[in-house]
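Note sheet for the following structure.
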Amino acid sequence: MGPMLGIETSCDETASAVLDENGHVLAEAVLSQEREHAPYGGVVPEIAARAHLAFLPEQVSSVMARAGVAFSDLGGVAAAAGPGLIGGLIVGSQFAKGIAITQGLPFVAVNHLEAHALTARLPGLVEGGVAFPYLLLLVSGGHCQCVAVEGVGRHARLGSTMDDAAGEAFDKVAKLLGLGWPGGPALERLAARGDARRYAFPRPMRGRAGCDFSFSGLKTAVAHEVTKLGEGALPAQVAADIAASFQCAVAEVLADRASHAMVMMRARSPDARVLVVAGGVAANASIRATLTDAAAARGFSLVAPPVRLCTDNAVMVAWAGIERLRLGLLDDLDFAPRPRWPL
């Protein structure tokens with residue numbers, strides 16, 4: 001099998017990567033559309049799709065050149081085909097299909113969530129890659145769920161959010177604090193200067209059976225606190241304390257829910273010993289530290305991708321393509337992108 005080209009266009013990052021058949025990164029690129037969407041306070045689907053269409057061809061050509069790989073040398077082409085914004089998914093998957101058709105290559109339609117799930121098996125992250133089965137905590141702007149990853153294409157969802165995802169709550173609280181969009185990284189920086197115990201925000205679902213999540217009540221509690229402080233910009237230290245207190249609450253909720261999920265995972269698979277955290281929120285250092293302690297308390301070890309691979313990227317898509325291609329899991333060229341595609 002030759003190198004794999006991966007393409008990711010499910011939301012607002014235009015990304016491509018080439019991995020060799022063993023999963024080593026030969027070249028990669030991620031182009032953020034933050035500047036295009038920032039004036040609107042969030043991702044505008046039509047703008048995202050047009051940006052993918054404008055940027056992707058040149059980006060792929062550049063990545064292939066830097067990898068030193070000709071299109072004819074590829075072993076396959078993988079594209080994120082869902083879930084996500086349908087316009088972007090169409091751009092990326094159709095571009096990948098075009099390459100597959102012209103070069104006579106296998107096409108792999110990758111579930112974006114499975115790509116996050118399989119990142120822990122990348123060579124170099126853990127020696128030999130994390131072995132199945134393992135527990136995944138997926139935390140991003142659109143998803144928050146605990147999943148038993150039992151094999152490629154074999155997943156069992158143990159719990160998920162009942163309302164907002166953790167990343168969505170981060171963005172909304174950041175907006176309340178005047179931090180703009182995207183809010184997660186800015187809020188983490190602000191929280192580093194704050195007192196995490198100043199505000200006793202709720203810990204929704206903590207201690208409850210199972211591993212479902214809820215963040216809407218926490219977000220509302222922050223909104224009420226901000227409203228009580230009156231109009232205008234918040235004092236810098238007050239904003240930092242609110243950010244730190246909110247971040248601490250999210251971290252403790254995630255740790256509690258993951259702890260319950262580890263018990264559930266051990267009941268399914270007694271030999272399971274790894275908790276993988278993935279998705280954009282997994283880049284948060286405070287959350288990583290809290291989850292590391294929670295995992296150790298249950299006899300698990302925490303595995304987290306490098307920060308650059310927590311957010312949407314094409315390395316994970318190419319790797320998922322390799323994993324699937326090894327098992328002969330190819331897709332027909334009439335595969336239709338899926339804006340909703342649960343694991």
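Ordering of the structure tokens sets the chain letters (A, B, ...); residue numbers start at 1 within each chain; ligands are numbered from 1 in the order shown.
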Quick one: residues within 9 Å of stretch 201-217 of chain A, only C-alpha atoms counted, chain neighbours fewer than 2 positions away excluded, as a compact mmCIF listing (two decimals) with N, CA, C and O atoms, in the first residue's frame?
```txt
# COMPACT_ATOMS: atom_id res chain seq x y z
N CYS A 144 -19.75 15.92 22.68
CA CYS A 144 -19.24 15.57 24.00
C CYS A 144 -19.82 14.20 24.33
O CYS A 144 -21.03 14.07 24.59
N GLN A 145 -18.99 13.18 24.25
CA GLN A 145 -19.49 11.83 24.46
C GLN A 145 -18.39 10.89 24.92
O GLN A 145 -17.20 11.15 24.69
N CYS A 146 -18.79 9.84 25.59
CA CYS A 146 -17.90 8.77 26.00
C CYS A 146 -18.21 7.55 25.13
O CYS A 146 -19.38 7.15 25.01
N LEU A 158 -21.37 5.25 25.26
CA LEU A 158 -21.77 5.00 26.64
C LEU A 158 -22.54 6.18 27.23
O LEU A 158 -23.34 6.01 28.15
N GLY A 159 -22.28 7.37 26.72
CA GLY A 159 -22.96 8.56 27.22
C GLY A 159 -22.65 9.74 26.33
O GLY A 159 -21.65 9.74 25.60
N SER A 160 -23.51 10.75 26.37
CA SER A 160 -23.29 11.93 25.54
C SER A 160 -23.97 13.13 26.19
O SER A 160 -24.68 13.00 27.18
N THR A 161 -23.76 14.30 25.59
CA THR A 161 -24.36 15.50 26.16
C THR A 161 -25.86 15.55 25.91
O THR A 161 -26.34 15.13 24.85
N MET A 162 -26.57 16.06 26.89
CA MET A 162 -28.01 16.20 26.78
C MET A 162 -28.39 17.55 26.22
O MET A 162 -29.56 17.79 25.90
N ASP A 163 -27.43 18.46 26.10
CA ASP A 163 -27.71 19.80 25.56
C ASP A 163 -26.46 20.34 24.86
O ASP A 163 -26.13 19.88 23.78
N ASP A 164 -25.75 21.27 25.48
CA ASP A 164 -24.57 21.86 24.86
C ASP A 164 -23.38 20.90 24.94
O ASP A 164 -23.26 20.11 25.87
N ALA A 165 -22.48 21.02 23.96
CA ALA A 165 -21.18 20.38 24.06
C ALA A 165 -20.26 21.27 24.88
O ALA A 165 -20.50 22.47 25.02
N ALA A 166 -19.18 20.68 25.40
CA ALA A 166 -18.27 21.45 26.24
C ALA A 166 -17.64 22.62 25.48
O ALA A 166 -17.54 23.74 25.99
N GLU A 168 -18.85 24.21 22.94
CA GLU A 168 -19.87 25.23 22.71
C GLU A 168 -20.03 26.10 23.95
O GLU A 168 -20.17 27.33 23.85
N ALA A 169 -20.01 25.47 25.13
CA ALA A 169 -20.12 26.23 26.37
C ALA A 169 -18.92 27.17 26.54
O ALA A 169 -19.07 28.32 26.96
N TYR A 199 -15.81 31.74 42.33
CA TYR A 199 -17.24 31.58 42.00
C TYR A 199 -17.61 30.09 42.06
O TYR A 199 -16.96 29.26 41.43
N LYS A 219 -23.52 27.12 31.90
CA LYS A 219 -23.44 28.30 31.05
C LYS A 219 -24.40 29.39 31.53
O LYS A 219 -24.04 30.58 31.60
N THR A 220 -25.62 28.99 31.90
CA THR A 220 -26.62 29.95 32.38
C THR A 220 -26.19 30.58 33.70
O THR A 220 -26.40 31.78 33.93
N ALA A 221 -25.57 29.78 34.57
CA ALA A 221 -25.09 30.31 35.85
C ALA A 221 -24.03 31.39 35.64
O ALA A 221 -24.03 32.42 36.33
N VAL A 222 -23.15 31.17 34.68
CA VAL A 222 -22.14 32.18 34.36
C VAL A 222 -22.82 33.44 33.82
O VAL A 222 -22.46 34.57 34.20
N SER A 245 -13.03 29.95 37.21
CA SER A 245 -14.06 29.18 37.93
C SER A 245 -14.88 28.34 36.97
O SER A 245 -15.24 27.19 37.27
N PHE A 246 -15.22 28.91 35.81
CA PHE A 246 -15.94 28.15 34.79
C PHE A 246 -15.10 26.99 34.28
O PHE A 246 -15.59 25.85 34.20
N ALA A 249 -14.98 24.19 36.73
CA ALA A 249 -16.24 23.45 36.78
C ALA A 249 -16.34 22.46 35.62
O ALA A 249 -16.71 21.29 35.80
N VAL A 250 -15.98 22.90 34.41
CA VAL A 250 -16.02 22.00 33.25
C VAL A 250 -15.06 20.84 33.44
O VAL A 250 -15.41 19.67 33.20
N GLU A 252 -13.96 19.51 36.21
CA GLU A 252 -14.43 18.57 37.23
C GLU A 252 -15.62 17.75 36.73
O GLU A 252 -15.73 16.56 37.06
N VAL A 253 -16.48 18.36 35.94
CA VAL A 253 -17.60 17.60 35.36
C VAL A 253 -17.07 16.53 34.41
O VAL A 253 -17.50 15.36 34.45
N LEU A 254 -16.15 16.90 33.55
CA LEU A 254 -15.59 15.93 32.60
C LEU A 254 -14.90 14.79 33.34
O LEU A 254 -15.04 13.62 32.96
N ASP A 256 -15.54 13.70 36.39
CA ASP A 256 -16.56 12.87 37.05
C ASP A 256 -17.26 11.96 36.05
O ASP A 256 -17.41 10.75 36.29
N ARG A 257 -17.66 12.52 34.92
CA ARG A 257 -18.36 11.71 33.93
C ARG A 257 -17.43 10.65 33.34
O ARG A 257 -17.84 9.51 33.09
N ALA A 258 -16.16 11.02 33.12
CA ALA A 258 -15.19 10.04 32.61
C ALA A 258 -14.94 8.94 33.63
O ALA A 258 -14.74 7.77 33.25
N SER A 259 -14.95 9.28 34.91
CA SER A 259 -14.76 8.27 35.95
C SER A 259 -15.86 7.23 35.91
O SER A 259 -15.62 6.02 36.02
N HIS A 260 -17.10 7.70 35.75
CA HIS A 260 -18.22 6.76 35.61
C HIS A 260 -18.06 5.93 34.34
O HIS A 260 -18.34 4.72 34.34
N ALA A 261 -17.63 6.56 33.27
CA ALA A 261 -17.45 5.84 32.01
C ALA A 261 -16.37 4.78 32.12
O ALA A 261 -16.47 3.71 31.51
N MET A 264 -17.90 1.79 33.61
CA MET A 264 -18.72 1.12 32.59
C MET A 264 -17.84 0.40 31.58
O MET A 264 -18.15 -0.71 31.13
```
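Those residues of stretch 153-252 of chain A that DSSP, working from the backbone, places in strand (DSSP E) are Arg154, His155, Ala156, Arg157, Leu158, Gly159 and Ser160 of chain A.
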Keeping only N, CA, C and O atoms, write the selected residues as a PDB file, in the first residue's frame.
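The resulting part08.pdb:
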```pdb
ATOM      1  N   ARG A 154     -16.043  -0.145  14.966  1.00  0.00           N
ATOM      2  CA  ARG A 154     -16.774  -0.818  16.057  1.00  0.00           C
ATOM      3  C   ARG A 154     -16.724   0.072  17.298  1.00  0.00           C
ATOM      4  O   ARG A 154     -15.696   0.160  17.964  1.00  0.00           O
ATOM      5  N   HIS A 155     -17.840   0.724  17.561  1.00  0.00           N
ATOM      6  CA  HIS A 155     -17.913   1.687  18.653  1.00  0.00           C
ATOM      7  C   HIS A 155     -19.226   1.505  19.409  1.00  0.00           C
ATOM      8  O   HIS A 155     -20.244   1.139  18.817  1.00  0.00           O
ATOM      9  N   ALA A 156     -19.190   1.793  20.694  1.00  0.00           N
ATOM     10  CA  ALA A 156     -20.404   1.767  21.503  1.00  0.00           C
ATOM     11  C   ALA A 156     -20.440   3.050  22.325  1.00  0.00           C
ATOM     12  O   ALA A 156     -19.536   3.291  23.141  1.00  0.00           O
ATOM     13  N   ARG A 157     -21.443   3.874  22.103  1.00  0.00           N
ATOM     14  CA  ARG A 157     -21.549   5.125  22.852  1.00  0.00           C
ATOM     15  C   ARG A 157     -22.103   4.835  24.234  1.00  0.00           C
ATOM     16  O   ARG A 157     -23.193   4.271  24.379  1.00  0.00           O
ATOM     17  N   LEU A 158     -21.374   5.246  25.262  1.00  0.00           N
ATOM     18  CA  LEU A 158     -21.770   5.003  26.642  1.00  0.00           C
ATOM     19  C   LEU A 158     -22.536   6.181  27.228  1.00  0.00           C
ATOM     20  O   LEU A 158     -23.340   6.008  28.146  1.00  0.00           O
ATOM     21  N   GLY A 159     -22.276   7.372  26.723  1.00  0.00           N
ATOM     22  CA  GLY A 159     -22.960   8.561  27.219  1.00  0.00           C
ATOM     23  C   GLY A 159     -22.651   9.741  26.326  1.00  0.00           C
ATOM     24  O   GLY A 159     -21.653   9.744  25.600  1.00  0.00           O
ATOM     25  N   SER A 160     -23.512  10.747  26.371  1.00  0.00           N
ATOM     26  CA  SER A 160     -23.293  11.934  25.539  1.00  0.00           C
ATOM     27  C   SER A 160     -23.969  13.130  26.187  1.00  0.00           C
ATOM     28  O   SER A 160     -24.680  13.004  27.185  1.00  0.00           O
TER      29      SER A 160
END
```
Minimum-distance residue to A:Ala336, chosen among A:Ala29, A:Gly2, A:Leu19, A:Gln94 (using only C-alpha atoms): A:Gln94
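Reported to one decimal place, the separation of atom CA of A:Val25 from atom CA of A:Arg66 is 11.1 Å.
With only C-alpha atoms as the basis for measurement, A:Met262 is the residue among A:Leu330, A:Ala243, A:Ala296, A:Met262 that approaches A:Leu136 most closely.
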A:Met4 environment, 6 Å, only C-alpha atoms, sequence neighbours closer than 6 positions dropped, as a compact mmCIF listing (two decimals) with N, CA and C atoms, in the first residue's frame:
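Final file, out-v8.txt:
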```txt
# COMPACT_ATOMS: atom_id res chain seq x y z
N VAL A 18 -0.39 14.06 4.01
CA VAL A 18 0.06 12.82 3.39
C VAL A 18 0.82 12.02 4.43
N LEU A 19 0.39 10.78 4.63
CA LEU A 19 1.05 9.86 5.55
C LEU A 19 1.57 8.67 4.76
N LEU A 74 0.18 7.38 -4.76
CA LEU A 74 -0.68 7.21 -3.60
C LEU A 74 -1.28 5.81 -3.54
N GLY A 75 -1.54 5.37 -2.32
CA GLY A 75 -2.23 4.10 -2.15
C GLY A 75 -3.72 4.28 -1.98
N GLY A 76 -4.15 5.52 -1.71
CA GLY A 76 -5.57 5.80 -1.53
C GLY A 76 -5.79 7.25 -1.18
N VAL A 77 -7.04 7.66 -1.22
CA VAL A 77 -7.43 9.02 -0.85
C VAL A 77 -8.57 8.93 0.15
N ALA A 318 -6.28 11.00 7.29
CA ALA A 318 -5.43 10.09 6.53
C ALA A 318 -5.16 8.81 7.31
```
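Comparing A:His112, A:Arg50, A:Arg338, A:Arg198 by their smallest distance to A:Ile86, the closest is A:Arg338 (using only C-alpha atoms).
The list of residues with at least one atom within 8 Å of A:Leu118, based on only C-alpha atoms and without residues fewer than 6 positions apart in the same chain, reads Val152, Met316, Trp319 and Ala320 of chain A.
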Which residues are near A:Arg273? Cut-off 8 Å, only C-alpha atoms, ignore same chain within fewer than 6 positions. Put them as a ChimeraX atom specification. /A:134,299-301
